[in-house]
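As provided, coords33.tsv (TSV, C-alpha atoms and all ligand atoms) reads as follows.
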chain	number	residue	atom	x	y	z
S	1	MET	CA	-13.01	-39.82	-42.38
S	2	ILE	CA	-12.40	-36.09	-42.69
S	3	ASN	CA	-14.79	-33.93	-40.75
S	4	ARG	CA	-15.43	-31.15	-43.25
S	5	THR	CA	-17.08	-28.92	-40.69
S	6	LYS	CA	-13.78	-28.61	-38.86
S	7	THR	CA	-11.63	-25.63	-39.70
S	8	ASN	CA	-8.03	-24.80	-38.95
S	9	ARG	CA	-8.73	-21.10	-38.90
S	10	ASN	CA	-7.80	-19.50	-35.60
S	11	PHE	CA	-10.58	-18.77	-33.15
S	12	SER	CA	-10.52	-15.02	-33.48
S	13	VAL	CA	-11.23	-12.70	-30.60
S	14	VAL	CA	-11.84	-8.97	-30.31
S	15	VAL	CA	-11.52	-7.43	-26.84
S	16	LEU	CA	-13.43	-4.32	-25.73
S	17	SER	CA	-12.10	-2.45	-22.70
S	18	SER	CA	-12.32	0.88	-20.88
S	19	SER	CA	-9.97	0.13	-18.06
S	20	GLY	CA	-6.62	-1.04	-16.74
S	21	GLY	CA	-6.53	-4.05	-19.02
S	22	SER	CA	-5.35	-6.81	-16.67
S	23	ASN	CA	-7.91	-9.19	-18.15
S	24	PHE	CA	-6.89	-8.18	-21.67
S	25	GLN	CA	-3.26	-8.82	-20.72
S	26	ALA	CA	-4.17	-12.20	-19.17
S	27	LEU	CA	-5.96	-13.18	-22.38
S	28	ALA	CA	-3.03	-12.05	-24.50
S	29	ASN	CA	-0.57	-14.03	-22.38
S	30	ARG	CA	-2.54	-17.24	-22.77
S	31	GLN	CA	-3.83	-17.02	-26.33
S	32	GLU	CA	-1.42	-19.48	-27.86
S	33	GLN	CA	-1.77	-22.17	-25.22
S	34	ASN	CA	-5.56	-21.83	-25.26
S	35	GLY	CA	-6.04	-21.91	-29.04
S	36	PHE	CA	-7.32	-18.42	-29.79
S	37	VAL	CA	-5.92	-15.19	-31.18
S	38	ILE	CA	-6.75	-11.60	-30.21
S	39	ASN	CA	-7.02	-9.65	-33.46
S	40	LEU	CA	-7.99	-6.28	-32.06
S	41	LEU	CA	-8.51	-4.26	-28.90
S	42	ILE	CA	-11.16	-1.54	-29.01
S	43	CYS	CA	-11.41	1.06	-26.22
S	44	ASP	CA	-14.17	3.62	-25.75
S	45	ARG	CA	-11.93	5.96	-23.75
S	46	ASP	CA	-8.27	6.59	-23.05
S	47	CYS	CA	-7.20	3.84	-20.66
S	48	ASP	CA	-4.22	1.68	-19.73
S	49	ALA	CA	-5.40	-1.23	-21.85
S	50	LEU	CA	-4.27	0.79	-24.91
S	51	SER	CA	-0.62	0.95	-23.84
S	52	LYS	CA	-0.74	-2.73	-22.99
S	53	ALA	CA	-1.82	-3.41	-26.60
S	54	ASP	CA	1.21	-1.45	-27.82
S	55	ARG	CA	3.55	-3.53	-25.68
S	56	LEU	CA	1.85	-6.75	-26.81
S	57	ARG	CA	1.86	-5.62	-30.46
S	58	ILE	CA	-1.88	-6.22	-30.74
S	59	PRO	CA	-3.74	-3.83	-33.07
S	60	LYS	CA	-5.79	-1.30	-31.12
S	61	LEU	CA	-8.46	1.28	-31.82
S	62	LEU	CA	-9.72	4.16	-29.71
S	63	ILE	CA	-13.32	5.14	-30.48
S	64	GLU	CA	-14.18	7.65	-27.82
S	65	LYS	CA	-17.67	7.52	-26.41
S	66	LYS	CA	-17.55	11.22	-25.60
S	67	ARG	CA	-16.89	12.02	-29.27
S	68	TYR	CA	-19.41	9.58	-30.69
S	69	PRO	CA	-22.13	9.20	-28.04
S	70	LYS	CA	-24.82	8.23	-30.57
S	71	THR	CA	-22.84	6.22	-33.09
S	72	LEU	CA	-20.36	4.45	-30.79
S	73	PHE	CA	-21.68	0.95	-31.39
S	74	ARG	CA	-22.13	1.45	-35.12
S	75	LEU	CA	-18.48	2.48	-35.32
S	76	ILE	CA	-17.37	-0.39	-33.11
S	77	ASP	CA	-19.36	-2.82	-35.21
S	78	GLN	CA	-17.85	-1.48	-38.44
S	79	SER	CA	-14.38	-2.06	-36.97
S	80	ILE	CA	-14.94	-5.67	-36.00
S	81	PRO	CA	-14.08	-8.20	-38.72
S	82	GLU	CA	-17.20	-10.11	-39.80
S	83	ASP	CA	-15.54	-13.48	-39.19
S	84	THR	CA	-14.81	-12.70	-35.52
S	85	ASP	CA	-15.70	-15.68	-33.35
S	86	LEU	CA	-15.94	-13.95	-30.00
S	87	ILE	CA	-16.15	-10.44	-28.58
S	88	VAL	CA	-14.86	-10.26	-25.01
S	89	LEU	CA	-15.91	-7.39	-22.76
S	90	ALA	CA	-13.07	-7.00	-20.29
S	91	GLY	CA	-13.79	-3.98	-18.13
S	92	PHE	CA	-15.85	-2.30	-20.85
S	93	LEU	CA	-17.98	0.44	-19.32
S	94	SER	CA	-20.38	1.48	-22.10
S	95	ILE	CA	-23.76	-0.20	-21.96
S	96	ILE	CA	-24.11	-2.46	-24.97
S	97	ASP	CA	-26.48	-1.23	-27.62
S	98	ARG	CA	-29.49	-3.47	-28.43
S	99	GLU	CA	-28.76	-3.70	-32.15
S	100	PHE	CA	-25.12	-4.64	-31.53
S	101	CYS	CA	-26.25	-7.22	-29.02
S	102	ARG	CA	-28.64	-8.81	-31.49
S	103	LYS	CA	-26.15	-8.86	-34.34
S	104	TRP	CA	-23.50	-10.60	-32.24
S	105	GLN	CA	-25.88	-12.79	-30.25
S	106	ASN	CA	-24.08	-15.64	-28.44
S	107	LYS	CA	-20.76	-14.19	-29.53
S	108	ILE	CA	-20.28	-11.61	-26.77
S	109	ILE	CA	-19.10	-12.53	-23.30
S	110	ASN	CA	-18.39	-10.39	-20.23
S	111	ILE	CA	-16.46	-10.83	-17.02
S	112	HIS	CA	-18.00	-9.52	-13.81
S	113	PRO	CA	-16.48	-9.47	-10.31
S	114	SER	CA	-19.34	-11.16	-8.45
S	115	LEU	CA	-21.18	-14.44	-8.30
S	116	LEU	CA	-24.03	-13.47	-10.60
S	117	PRO	CA	-26.98	-13.19	-10.42
S	118	LYS	CA	-25.98	-11.52	-7.15
S	119	TYR	CA	-24.40	-8.06	-7.20
S	120	GLY	CA	-24.81	-7.32	-10.88
S	121	GLY	CA	-26.65	-4.67	-12.87
S	122	LYS	CA	-26.29	-0.96	-13.46
S	123	GLY	CA	-23.70	0.76	-11.28
S	124	MET	CA	-22.40	-2.49	-9.78
S	125	MET	CA	-18.74	-2.07	-10.55
S	126	GLY	CA	-15.35	-1.68	-8.92
S	127	VAL	CA	-15.16	-1.69	-5.13
S	128	LYS	CA	-18.94	-1.19	-4.84
S	129	VAL	CA	-19.42	-4.86	-5.64
S	130	GLN	CA	-17.24	-6.16	-2.81
S	131	GLU	CA	-18.62	-3.53	-0.41
S	132	ALA	CA	-22.10	-4.89	-1.10
S	133	VAL	CA	-20.86	-8.48	-0.68
S	134	MET	CA	-19.35	-7.67	2.73
S	135	ARG	CA	-22.30	-5.58	3.88
S	136	ALA	CA	-24.55	-8.56	3.19
S	137	GLU	CA	-22.15	-10.74	5.25
S	138	GLU	CA	-21.72	-13.19	2.41
S	139	THR	CA	-19.32	-16.06	3.08
S	140	GLU	CA	-18.45	-16.37	-0.61
S	141	ALA	CA	-17.37	-13.92	-3.29
S	142	GLY	CA	-16.04	-14.54	-6.78
S	143	CYS	CA	-16.36	-13.78	-10.46
S	144	THR	CA	-18.54	-14.79	-13.38
S	145	VAL	CA	-18.09	-15.08	-17.13
S	146	HIS	CA	-21.42	-14.85	-18.94
S	147	TYR	CA	-22.94	-14.30	-22.34
S	148	VAL	CA	-24.11	-10.75	-22.97
S	149	ASN	CA	-27.72	-10.00	-23.74
S	150	GLU	CA	-29.80	-6.83	-23.45
S	151	ILE	CA	-30.06	-7.12	-19.67
S	152	ILE	CA	-27.01	-5.76	-17.85
S	153	ASP	CA	-25.11	-8.73	-16.36
S	154	GLY	CA	-28.18	-10.84	-17.17
S	155	GLY	CA	-27.04	-13.30	-19.88
S	156	ASP	CA	-26.46	-17.03	-19.42
S	157	ILE	CA	-23.64	-17.90	-17.06
S	158	ILE	CA	-20.73	-19.83	-18.58
S	159	ALA	CA	-18.39	-20.20	-15.59
S	160	GLN	CA	-17.77	-18.91	-12.09
S	161	LYS	CA	-14.92	-19.00	-9.60
S	162	VAL	CA	-15.85	-18.93	-5.91
S	163	ILE	CA	-13.54	-17.73	-3.13
S	164	ALA	CA	-14.11	-17.37	0.61
S	165	VAL	CA	-14.69	-13.91	2.04
S	166	ASP	CA	-12.16	-13.02	4.76
S	167	TYR	CA	-13.54	-10.35	7.09
S	168	ASN	CA	-10.01	-9.33	8.14
S	169	GLU	CA	-9.72	-7.84	4.66
S	170	SER	CA	-11.07	-4.56	3.31
S	171	PRO	CA	-13.42	-4.60	0.29
S	172	TRP	CA	-10.43	-3.36	-1.75
S	173	GLU	CA	-8.33	-6.34	-0.70
S	174	LEU	CA	-11.16	-8.74	-1.43
S	175	GLY	CA	-11.54	-7.01	-4.82
S	176	GLY	CA	-7.84	-7.59	-5.48
S	177	ARG	CA	-8.20	-11.31	-4.85
S	178	VAL	CA	-11.30	-11.51	-7.05
S	179	HIS	CA	-9.44	-9.65	-9.79
S	180	LYS	CA	-6.64	-12.25	-9.76
S	181	GLU	CA	-9.22	-15.00	-10.12
S	182	GLU	CA	-10.75	-13.17	-13.08
S	183	ASN	CA	-7.36	-13.16	-14.79
S	184	GLU	CA	-7.25	-16.96	-14.44
S	185	LEU	CA	-10.86	-17.70	-15.33
S	186	LEU	CA	-11.29	-15.56	-18.46
S	187	PRO	CA	-8.52	-17.13	-20.62
S	188	LYS	CA	-9.73	-20.59	-19.59
S	189	VAL	CA	-13.28	-19.82	-20.67
S	190	VAL	CA	-12.20	-18.34	-24.00
S	191	GLY	CA	-10.00	-21.41	-24.52
S	192	MET	CA	-12.94	-23.66	-23.75
S	193	LEU	CA	-15.18	-21.84	-26.27
S	194	ALA	CA	-12.42	-22.07	-28.90
S	195	LYS	CA	-12.14	-25.79	-28.29
S	196	GLN	CA	-15.90	-26.27	-28.55
S	197	ARG	CA	-15.93	-24.45	-31.91
S	198	LYS	CA	-13.11	-26.63	-33.23
S	199	SER	CA	-14.81	-29.86	-32.23
S	200	ARG	CA	-18.09	-28.90	-33.83
S	301	LIG	C1	-12.87	-6.35	-13.86
S	301	LIG	O1	-13.08	-6.42	-12.48
S	301	LIG	C2	-14.08	-6.86	-14.60
S	301	LIG	O2	-14.76	-7.86	-13.92
S	301	LIG	C3	-14.95	-5.63	-14.67
S	301	LIG	O3	-14.05	-4.58	-14.89
S	301	LIG	C4	-12.78	-4.92	-14.33
S	301	LIG	C5	-11.74	-4.73	-15.40
S	301	LIG	O4	-10.46	-4.96	-14.93
S	301	LIG	N1	-15.96	-5.77	-15.67
S	301	LIG	P1	-9.21	-4.96	-15.91
S	301	LIG	O5	-9.24	-3.66	-16.66
S	301	LIG	O6	-9.33	-6.12	-16.83
S	301	LIG	O7	-8.02	-5.06	-15.02
Can I see the file as structure tokens?
Amino acid sequence: MINRTKTNRNFSVVVLSSSGGSNFQALANRQEQNGFVINLLICDRDCDALSKADRLRIPKLLIEKKRYPKTLFRLIDQSIPEDTDLIVLAGFLSIIDREFCRKWQNKIINIHPSLLPKYGGKGMMGVKVQEAVMRAEETEAGCTVHYVNEIIDGGDIIAQKVIAVDYNESPWELGGRVHKEENELLPKVVGMLAKQRKSR
């Protein structure tokens, strides 16, 4: 019997970034094998992710936060196709607006370089995260993919990757290893969500 709820339409993804774009690149590299397609990259500032989009031939948009501090999320929202299945925050630094969050509820995910709920929240970014991990003498570090709600880094956790902390390393080196794990985890999670949608 034909399952009429199934659709052959691609699982469509929009990526938001403010940074180097290694997670965006990792997603782009694995989109075909994981059953999703990145339709658009939106950046809120000039950053390396933009030139990666050029090389990957993925449409991109720069909506600068400094030019549109009050209307940033309205403009971002207007640029996202209504039938988008998932918005992926990959190194996106602007704090998500409540209205945007509500509109796209359960359709926004974020990647964070710690084992949430530890070492998340405002200001917890970059090397600060791994510095805090090492200061607390944690034995484990890692990364988390989670749904985005109005609480910074506070939405439901979808997946985590745990690695051992090596105290011969600097926080920067630990951060580098976590970053590599992020690049593996994020495409897998998006692939998993695409698969779930298709089997519904
Ligand atoms: C990653 O560490 C991610 O967890 C954090 O911002 C960083 C972005 O890295 N939210 P990249 O730009 O994807 O390389």
- How would you write, as number ranges by chain, the set of residues no farther than 8 Å from ligand LIG 301 (chain S) when counting only C-alpha atoms and all ligand atoms? S: 17-25, 48-49, 89-93, 110-114, 125-126, 143-144, 175, 178-179, 182-183
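Atom CA of S:Ile42 is positioned 25.2 Å from atom CA of S:Gln196.
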Against stretch 189-192 of chain S, which residues of stretch 3-78 of chain S fall within 12 Å? For each one I want the closest pair of atoms and the distance in Å (one decimal), counting only C-alpha atoms, rows by chain and increasing residue number, as CSV.
residue,atom,partner,partner_atom,distance
S:Asn10,CA,S:Gly191,CA,11.5
S:Phe11,CA,S:Gly191,CA,9.0
S:Ser12,CA,S:Val190,CA,10.2
S:Val13,CA,S:Val190,CA,8.7
S:Val14,CA,S:Val190,CA,11.3
S:Val15,CA,S:Val190,CA,11.3
S:Asn23,CA,S:Val190,CA,11.7
S:Phe24,CA,S:Val190,CA,11.7
S:Ala26,CA,S:Val190,CA,11.2
S:Leu27,CA,S:Val190,CA,8.3
S:Ala28,CA,S:Val190,CA,11.1
S:Arg30,CA,S:Gly191,CA,8.7
S:Gln31,CA,S:Gly191,CA,7.8
S:Glu32,CA,S:Gly191,CA,9.4
S:Gln33,CA,S:Gly191,CA,8.3
S:Asn34,CA,S:Gly191,CA,4.5
S:Gly35,CA,S:Gly191,CA,6.0
S:Phe36,CA,S:Gly191,CA,6.6
S:Val37,CA,S:Gly191,CA,10.0
S:Ile38,CA,S:Val190,CA,10.7
- Here atom CA of S:Asp166 and atom CA of S:Gly121 stand apart by 24.3 Å
- Quick one: residues within 10 Å of S:Ile151, all atoms listed in the file counted, chain neighbours fewer than 6 positions away excluded, as a PyMOL selection string? chain S and resi 95-96+98+121-122
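Coordinates place atom CA of S:Ala194 at a distance of 23.3 Å from atom CA of S:Cys43.
The residue that comes closest to S:Ile80, out of S:Arg67, S:Trp172, S:Ser199, S:Leu40 and on the basis of all atoms listed in the file, is S:Leu40.
Each of S:Ser170, S:Ser51, S:Gln105, S:Asn39 was compared to S:Arg135 using all atoms listed in the file, and S:Ser170 turns out to be the nearest.
Minimum atom-to-atom distance to S:Ile108, evaluated using only C-alpha atoms, belongs to S:Leu193 out of S:Leu61, S:Ala141, S:Leu72, S:Leu193.
Of the listed residues S:Glu82, S:Gln130, S:Ala53, S:Phe100, the one whose atoms come nearest to S:Tyr167 is S:Gln130, with distances taken using all atoms listed in the file.
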- Note on the structure: Using all atoms listed in the file, the residue out of S:Val162, S:Ile109, S:Leu62, S:Ile152 with shortest distance to S:Arg177 is S:Val162
- S:Glu99 surroundings by all atoms listed in the file, 12 Å radius, close-in-sequence under 4 positions cut, as a ChimeraX atom specification: /S:71-74,76-77,95,103-105,149-150
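Closest to S:Lys70 among S:Tyr119, S:Asp85, S:Asp97, S:Leu56 is S:Asp97, based on only C-alpha atoms.
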- Message: List as a PyMOL selection string the protein and nucleic acid residues near S:Asp156, meaning an atom at most 9 Å away when only C-alpha atoms are counted, but skip any in the same chain fewer than 5 places from it.
- Response: chain S and resi 145-149
Any chance you could build stretch 66-77 of chain S out to N, CA, C and O atoms and write it as a PDB file, in the coordinates of the input?
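Written file, out_35.pdb:
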ATOM      1  N   LYS S  66     -17.185   9.795 -25.742  1.00  0.00           N
ATOM      2  CA  LYS S  66     -17.550  11.220 -25.600  1.00  0.00           C
ATOM      3  C   LYS S  66     -17.575  11.931 -26.965  1.00  0.00           C
ATOM      4  O   LYS S  66     -18.286  12.917 -27.121  1.00  0.00           O
ATOM      5  N   ARG S  67     -16.852  11.409 -27.931  1.00  0.00           N
ATOM      6  CA  ARG S  67     -16.890  12.020 -29.270  1.00  0.00           C
ATOM      7  C   ARG S  67     -18.034  11.485 -30.103  1.00  0.00           C
ATOM      8  O   ARG S  67     -18.561  12.168 -30.976  1.00  0.00           O
ATOM      9  N   TYR S  68     -18.375  10.233 -29.874  1.00  0.00           N
ATOM     10  CA  TYR S  68     -19.410   9.580 -30.690  1.00  0.00           C
ATOM     11  C   TYR S  68     -20.493   8.968 -29.811  1.00  0.00           C
ATOM     12  O   TYR S  68     -20.722   7.750 -29.855  1.00  0.00           O
ATOM     13  N   PRO S  69     -21.172   9.783 -28.985  1.00  0.00           N
ATOM     14  CA  PRO S  69     -22.130   9.200 -28.040  1.00  0.00           C
ATOM     15  C   PRO S  69     -23.268   8.423 -28.723  1.00  0.00           C
ATOM     16  O   PRO S  69     -23.737   7.426 -28.201  1.00  0.00           O
ATOM     17  N   LYS S  70     -23.672   8.882 -29.916  1.00  0.00           N
ATOM     18  CA  LYS S  70     -24.820   8.230 -30.570  1.00  0.00           C
ATOM     19  C   LYS S  70     -24.412   7.087 -31.502  1.00  0.00           C
ATOM     20  O   LYS S  70     -25.183   6.166 -31.721  1.00  0.00           O
ATOM     21  N   THR S  71     -23.212   7.194 -32.049  1.00  0.00           N
ATOM     22  CA  THR S  71     -22.840   6.220 -33.090  1.00  0.00           C
ATOM     23  C   THR S  71     -21.769   5.233 -32.611  1.00  0.00           C
ATOM     24  O   THR S  71     -21.248   4.453 -33.411  1.00  0.00           O
ATOM     25  N   LEU S  72     -21.465   5.284 -31.313  1.00  0.00           N
ATOM     26  CA  LEU S  72     -20.360   4.450 -30.790  1.00  0.00           C
ATOM     27  C   LEU S  72     -20.445   3.008 -31.263  1.00  0.00           C
ATOM     28  O   LEU S  72     -19.481   2.465 -31.814  1.00  0.00           O
ATOM     29  N   PHE S  73     -21.604   2.375 -31.074  1.00  0.00           N
ATOM     30  CA  PHE S  73     -21.680   0.950 -31.390  1.00  0.00           C
ATOM     31  C   PHE S  73     -21.702   0.668 -32.887  1.00  0.00           C
ATOM     32  O   PHE S  73     -21.240  -0.385 -33.320  1.00  0.00           O
ATOM     33  N   ARG S  74     -22.194   1.630 -33.667  1.00  0.00           N
ATOM     34  CA  ARG S  74     -22.130   1.450 -35.120  1.00  0.00           C
ATOM     35  C   ARG S  74     -20.650   1.466 -35.550  1.00  0.00           C
ATOM     36  O   ARG S  74     -20.200   0.630 -36.329  1.00  0.00           O
ATOM     37  N   LEU S  75     -19.894   2.392 -34.973  1.00  0.00           N
ATOM     38  CA  LEU S  75     -18.480   2.480 -35.320  1.00  0.00           C
ATOM     39  C   LEU S  75     -17.698   1.266 -34.831  1.00  0.00           C
ATOM     40  O   LEU S  75     -16.830   0.741 -35.533  1.00  0.00           O
ATOM     41  N   ILE S  76     -18.039   0.816 -33.626  1.00  0.00           N
ATOM     42  CA  ILE S  76     -17.370  -0.390 -33.110  1.00  0.00           C
ATOM     43  C   ILE S  76     -17.681  -1.566 -34.021  1.00  0.00           C
ATOM     44  O   ILE S  76     -16.789  -2.303 -34.440  1.00  0.00           O
ATOM     45  N   ASP S  77     -18.950  -1.711 -34.366  1.00  0.00           N
ATOM     46  CA  ASP S  77     -19.360  -2.820 -35.210  1.00  0.00           C
ATOM     47  C   ASP S  77     -18.638  -2.792 -36.567  1.00  0.00           C
ATOM     48  O   ASP S  77     -18.168  -3.818 -37.054  1.00  0.00           O
TER      49      ASP S  77
END
